[in-house]
Amino acid sequence: MNKHQISLADAKALTSRYRANIDALTAPAYKGALPYSETFDAAAIKEILNQADCVSFRTYFGMNEDESVCIIHIGVDAEGNDIINSLNGKGEDIIMEYGVKCPPICNNQQL
């Protein structure tokens with residue numbers, strides 16, 4: 001299993017929590033919740049893109065239990081659907097999270 005990979009259930013929980021709290025994200029209580037970026041290994045993105053039906057990948061925003069925002073990547077097929085292998089009998093889901101967040105770990109040339 002790739003170090004960024006998470007389960008479908010975890011991905012749904014993260015994105016649901018984000019959507020439930022999105023209007024409050026600019027409130028003072030959420031200061032620091034939004035990262036500037038997350039860095040993912042090329043291998044993680046290649047694993048998504050190397051799926052048989054994958055033509056692109058989609059990014060979702062999620063929210064961890066500590067209310068920090070995270071980024072989730074999933075493959076997308078030619079029809080624009082998320083590729084969820086467990087729902088169509090094609091095996092394990094390839095959904096990635098756990099990128100390196102900035103802050104605290106930032107590069108010297110931030111966009």
# chains A, B, ... in the order shown; residues from 1 in each chain; ligands from 1
call {"tool": "residues_around", "arguments": {"residues": "A:Leu8", "least_positions_apart": "6", "cutoff": "9 Å", "atoms": "only C-alpha atoms", "output": "NGL selection string"}}
result
:A and (84 or 86 or 93-95)
call {"tool": "select_by_dssp", "arguments": {"residues": "stretch 20-108 of chain A", "states": "helix (DSSP H, G or I)", "output": "MDAnalysis selection string"}}
result
chainID A and resid 20:24 28:30 42:49 85:87
call {"tool": "write_last_selection", "arguments": {"atoms": "N, CA and C atoms", "output": "PDB file, in the first residue's frame"}}
result
ATOM      1  N   ALA A  20     -19.020  20.134   5.560  1.00  0.00           N
ATOM      2  CA  ALA A  20     -19.839  20.543   6.695  1.00  0.00           C
ATOM      3  C   ALA A  20     -19.276  21.787   7.386  1.00  0.00           C
ATOM      4  N   ASN A  21     -17.986  22.031   7.234  1.00  0.00           N
ATOM      5  CA  ASN A  21     -17.342  23.139   7.931  1.00  0.00           C
ATOM      6  C   ASN A  21     -16.839  24.256   7.021  1.00  0.00           C
ATOM      7  N   ILE A  22     -17.059  24.150   5.731  1.00  0.00           N
ATOM      8  CA  ILE A  22     -16.449  25.082   4.785  1.00  0.00           C
ATOM      9  C   ILE A  22     -16.820  26.538   5.046  1.00  0.00           C
ATOM     10  N   ASP A  23     -18.051  26.819   5.428  1.00  0.00           N
ATOM     11  CA  ASP A  23     -18.468  28.196   5.657  1.00  0.00           C
ATOM     12  C   ASP A  23     -17.772  28.822   6.863  1.00  0.00           C
ATOM     13  N   ALA A  24     -17.328  28.011   7.763  1.00  0.00           N
ATOM     14  CA  ALA A  24     -16.679  28.513   8.976  1.00  0.00           C
ATOM     15  C   ALA A  24     -15.161  28.584   8.861  1.00  0.00           C
ATOM     16  N   PRO A  28     -12.123  33.052  12.957  1.00  0.00           N
ATOM     17  CA  PRO A  28     -10.894  33.079  13.752  1.00  0.00           C
ATOM     18  C   PRO A  28     -10.543  31.733  14.394  1.00  0.00           C
ATOM     19  N   ALA A  29     -11.527  30.960  14.753  1.00  0.00           N
ATOM     20  CA  ALA A  29     -11.265  29.665  15.396  1.00  0.00           C
ATOM     21  C   ALA A  29     -10.537  28.696  14.472  1.00  0.00           C
ATOM     22  N   TYR A  30     -10.570  28.940  13.169  1.00  0.00           N
ATOM     23  CA  TYR A  30      -9.933  28.047  12.199  1.00  0.00           C
ATOM     24  C   TYR A  30      -8.609  28.590  11.682  1.00  0.00           C
ATOM     25  N   ALA A  42       5.870  11.601  -6.468  1.00  0.00           N
ATOM     26  CA  ALA A  42       5.492  11.309  -7.848  1.00  0.00           C
ATOM     27  C   ALA A  42       4.920   9.900  -7.966  1.00  0.00           C
ATOM     28  N   ALA A  43       5.456   8.975  -7.191  1.00  0.00           N
ATOM     29  CA  ALA A  43       4.980   7.586  -7.240  1.00  0.00           C
ATOM     30  C   ALA A  43       3.501   7.482  -6.869  1.00  0.00           C
ATOM     31  N   ALA A  44       3.053   8.311  -5.946  1.00  0.00           N
ATOM     32  CA  ALA A  44       1.644   8.286  -5.536  1.00  0.00           C
ATOM     33  C   ALA A  44       0.744   8.728  -6.685  1.00  0.00           C
ATOM     34  N   ILE A  45       1.139   9.790  -7.365  1.00  0.00           N
ATOM     35  CA  ILE A  45       0.337  10.296  -8.483  1.00  0.00           C
ATOM     36  C   ILE A  45       0.398   9.316  -9.657  1.00  0.00           C
ATOM     37  N   LYS A  46       1.579   8.741  -9.896  1.00  0.00           N
ATOM     38  CA  LYS A  46       1.710   7.752 -10.978  1.00  0.00           C
ATOM     39  C   LYS A  46       0.833   6.533 -10.717  1.00  0.00           C
ATOM     40  N   GLU A  47       0.722   6.119  -9.445  1.00  0.00           N
ATOM     41  CA  GLU A  47      -0.123   4.973  -9.117  1.00  0.00           C
ATOM     42  C   GLU A  47      -1.582   5.255  -9.467  1.00  0.00           C
ATOM     43  N   ILE A  48      -2.030   6.469  -9.228  1.00  0.00           N
ATOM     44  CA  ILE A  48      -3.391   6.859  -9.626  1.00  0.00           C
ATOM     45  C   ILE A  48      -3.512   6.824 -11.144  1.00  0.00           C
ATOM     46  N   LEU A  49      -2.584   7.480 -11.828  1.00  0.00           N
ATOM     47  CA  LEU A  49      -2.665   7.625 -13.284  1.00  0.00           C
ATOM     48  C   LEU A  49      -2.454   6.320 -14.039  1.00  0.00           C
ATOM     49  N   ASN A  85     -12.538   1.473  -7.408  1.00  0.00           N
ATOM     50  CA  ASN A  85     -12.404   0.064  -7.786  1.00  0.00           C
ATOM     51  C   ASN A  85     -13.245  -0.870  -6.932  1.00  0.00           C
ATOM     52  N   SER A  86     -13.369  -0.574  -5.635  1.00  0.00           N
ATOM     53  CA  SER A  86     -14.113  -1.468  -4.749  1.00  0.00           C
ATOM     54  C   SER A  86     -15.595  -1.528  -5.090  1.00  0.00           C
ATOM     55  N   LEU A  87     -16.103  -0.518  -5.765  1.00  0.00           N
ATOM     56  CA  LEU A  87     -17.525  -0.503  -6.131  1.00  0.00           C
ATOM     57  C   LEU A  87     -17.815  -1.256  -7.414  1.00  0.00           C
TER      58      LEU A  87
END
call {"tool": "closest_residue", "arguments": {"among": "A:Asn107, A:Glu38, A:Cys54, A:Tyr98", "to": "A:Asn81", "atoms": "only C-alpha atoms"}}
result
A:Cys54
call {"tool": "closest_residue", "arguments": {"among": "A:Ser68, A:Asn88, A:Asn50, A:Ser37", "to": "A:Cys106", "atoms": "only C-alpha atoms"}}
result
A:Ser37
call {"tool": "select_by_dssp", "arguments": {"residues": "chain A", "states": "strand (DSSP E or B)", "output": "ChimeraX atom specification"}}
result
/A:5,37-39,56-63,69-76,82,95-96,100-102
call {"tool": "write_last_selection", "arguments": {"atoms": "N, CA and C atoms", "output": "mmCIF file, in the first residue's frame"}}
result
data_model
loop_
_atom_site.group_PDB
_atom_site.id
_atom_site.type_symbol
_atom_site.label_atom_id
_atom_site.label_comp_id
_atom_site.auth_asym_id
_atom_site.auth_seq_id
_atom_site.Cartn_x
_atom_site.Cartn_y
_atom_site.Cartn_z
ATOM 1 N N GLN A 5 -2.013 6.398 0.451
ATOM 2 C CA GLN A 5 -3.309 5.775 0.174
ATOM 3 C C GLN A 5 -4.184 5.720 1.410
ATOM 4 N N SER A 37 -0.004 24.423 0.960
ATOM 5 C CA SER A 37 0.153 23.371 -0.046
ATOM 6 C C SER A 37 0.344 22.030 0.630
ATOM 7 N N GLU A 38 0.275 20.985 -0.178
ATOM 8 C CA GLU A 38 0.670 19.639 0.229
ATOM 9 C C GLU A 38 1.511 19.058 -0.889
ATOM 10 N N THR A 39 2.595 18.417 -0.539
ATOM 11 C CA THR A 39 3.483 17.810 -1.519
ATOM 12 C C THR A 39 3.299 16.302 -1.492
ATOM 13 N N SER A 56 -7.275 11.098 -15.929
ATOM 14 C CA SER A 56 -6.881 12.274 -15.165
ATOM 15 C C SER A 56 -7.062 11.970 -13.680
ATOM 16 N N PHE A 57 -6.776 12.950 -12.843
ATOM 17 C CA PHE A 57 -7.089 12.762 -11.435
ATOM 18 C C PHE A 57 -7.740 14.014 -10.889
ATOM 19 N N ARG A 58 -8.520 13.805 -9.843
ATOM 20 C CA ARG A 58 -9.294 14.879 -9.225
ATOM 21 C C ARG A 58 -8.766 15.094 -7.814
ATOM 22 N N THR A 59 -8.842 16.345 -7.373
ATOM 23 C CA THR A 59 -8.459 16.695 -6.013
ATOM 24 C C THR A 59 -9.695 17.105 -5.231
ATOM 25 N N TYR A 60 -9.847 16.503 -4.069
ATOM 26 C CA TYR A 60 -10.901 16.887 -3.132
ATOM 27 C C TYR A 60 -10.236 17.487 -1.906
ATOM 28 N N PHE A 61 -10.942 18.364 -1.262
ATOM 29 C CA PHE A 61 -10.499 18.854 0.030
ATOM 30 C C PHE A 61 -11.243 18.095 1.101
ATOM 31 N N GLY A 62 -10.529 17.743 2.161
ATOM 32 C CA GLY A 62 -11.123 17.047 3.288
ATOM 33 C C GLY A 62 -10.716 17.740 4.571
ATOM 34 N N MET A 63 -11.224 17.238 5.686
ATOM 35 C CA MET A 63 -10.866 17.811 6.977
ATOM 36 C C MET A 63 -10.571 16.688 7.953
ATOM 37 N N VAL A 69 -7.240 21.109 7.240
ATOM 38 C CA VAL A 69 -7.683 20.744 5.895
ATOM 39 C C VAL A 69 -6.627 19.868 5.235
ATOM 40 N N CYS A 70 -7.087 18.869 4.473
ATOM 41 C CA CYS A 70 -6.178 17.982 3.750
ATOM 42 C C CYS A 70 -6.628 17.876 2.297
ATOM 43 N N ILE A 71 -5.746 17.346 1.467
ATOM 44 C CA ILE A 71 -6.012 17.190 0.048
ATOM 45 C C ILE A 71 -6.041 15.705 -0.290
ATOM 46 N N ILE A 72 -7.043 15.300 -1.061
ATOM 47 C CA ILE A 72 -7.240 13.903 -1.449
ATOM 48 C C ILE A 72 -7.232 13.839 -2.973
ATOM 49 N N HIS A 73 -6.505 12.870 -3.537
ATOM 50 C CA HIS A 73 -6.450 12.684 -4.987
ATOM 51 C C HIS A 73 -7.062 11.333 -5.352
ATOM 52 N N ILE A 74 -7.825 11.305 -6.453
ATOM 53 C CA ILE A 74 -8.438 10.071 -6.956
ATOM 54 C C ILE A 74 -8.426 10.126 -8.489
ATOM 55 N N GLY A 75 -8.311 8.970 -9.114
ATOM 56 C CA GLY A 75 -8.338 8.905 -10.566
ATOM 57 C C GLY A 75 -9.725 9.175 -11.118
ATOM 58 N N VAL A 76 -9.755 9.620 -12.374
ATOM 59 C CA VAL A 76 -11.014 9.929 -13.053
ATOM 60 C C VAL A 76 -11.007 9.237 -14.408
ATOM 61 N N ASP A 82 -15.205 9.450 -10.720
ATOM 62 C CA ASP A 82 -14.143 8.989 -9.836
ATOM 63 C C ASP A 82 -13.972 7.485 -10.036
ATOM 64 N N ILE A 95 -6.676 5.797 -3.715
ATOM 65 C CA ILE A 95 -7.023 7.148 -3.277
ATOM 66 C C ILE A 95 -5.877 7.616 -2.390
ATOM 67 N N MET A 96 -5.345 8.799 -2.659
ATOM 68 C CA MET A 96 -4.156 9.266 -1.951
ATOM 69 C C MET A 96 -4.428 10.481 -1.087
ATOM 70 N N VAL A 100 2.859 16.043 2.396
ATOM 71 C CA VAL A 100 3.659 16.840 3.323
ATOM 72 C C VAL A 100 3.110 18.261 3.283
ATOM 73 N N LYS A 101 2.589 18.729 4.409
ATOM 74 C CA LYS A 101 1.919 20.026 4.450
ATOM 75 C C LYS A 101 2.891 21.178 4.680
ATOM 76 N N CYS A 102 2.542 22.294 4.050
ATOM 77 C CA CYS A 102 3.230 23.565 4.257
ATOM 78 C C CYS A 102 2.191 24.560 4.755
#
call {"tool": "atom_distance", "arguments": {"atom1": "atom CA of A:Gln51", "atom2": "atom CA of A:Glu65"}}
result
29.8 Å
call {"tool": "atom_distance", "arguments": {"atom1": "atom CA of A:Ala13", "atom2": "atom CA of A:Pro35"}}
result
18.8 Å
call {"tool": "atom_distance", "arguments": {"atom1": "atom CA of A:Asp77", "atom2": "atom CA of A:Asp53"}}
result
5.4 Å
call {"tool": "closest_residue", "arguments": {"among": "A:Thr26, A:Ile6, A:Glu97, A:Leu14", "to": "A:Phe40", "atoms": "only C-alpha atoms"}}
result
A:Glu97
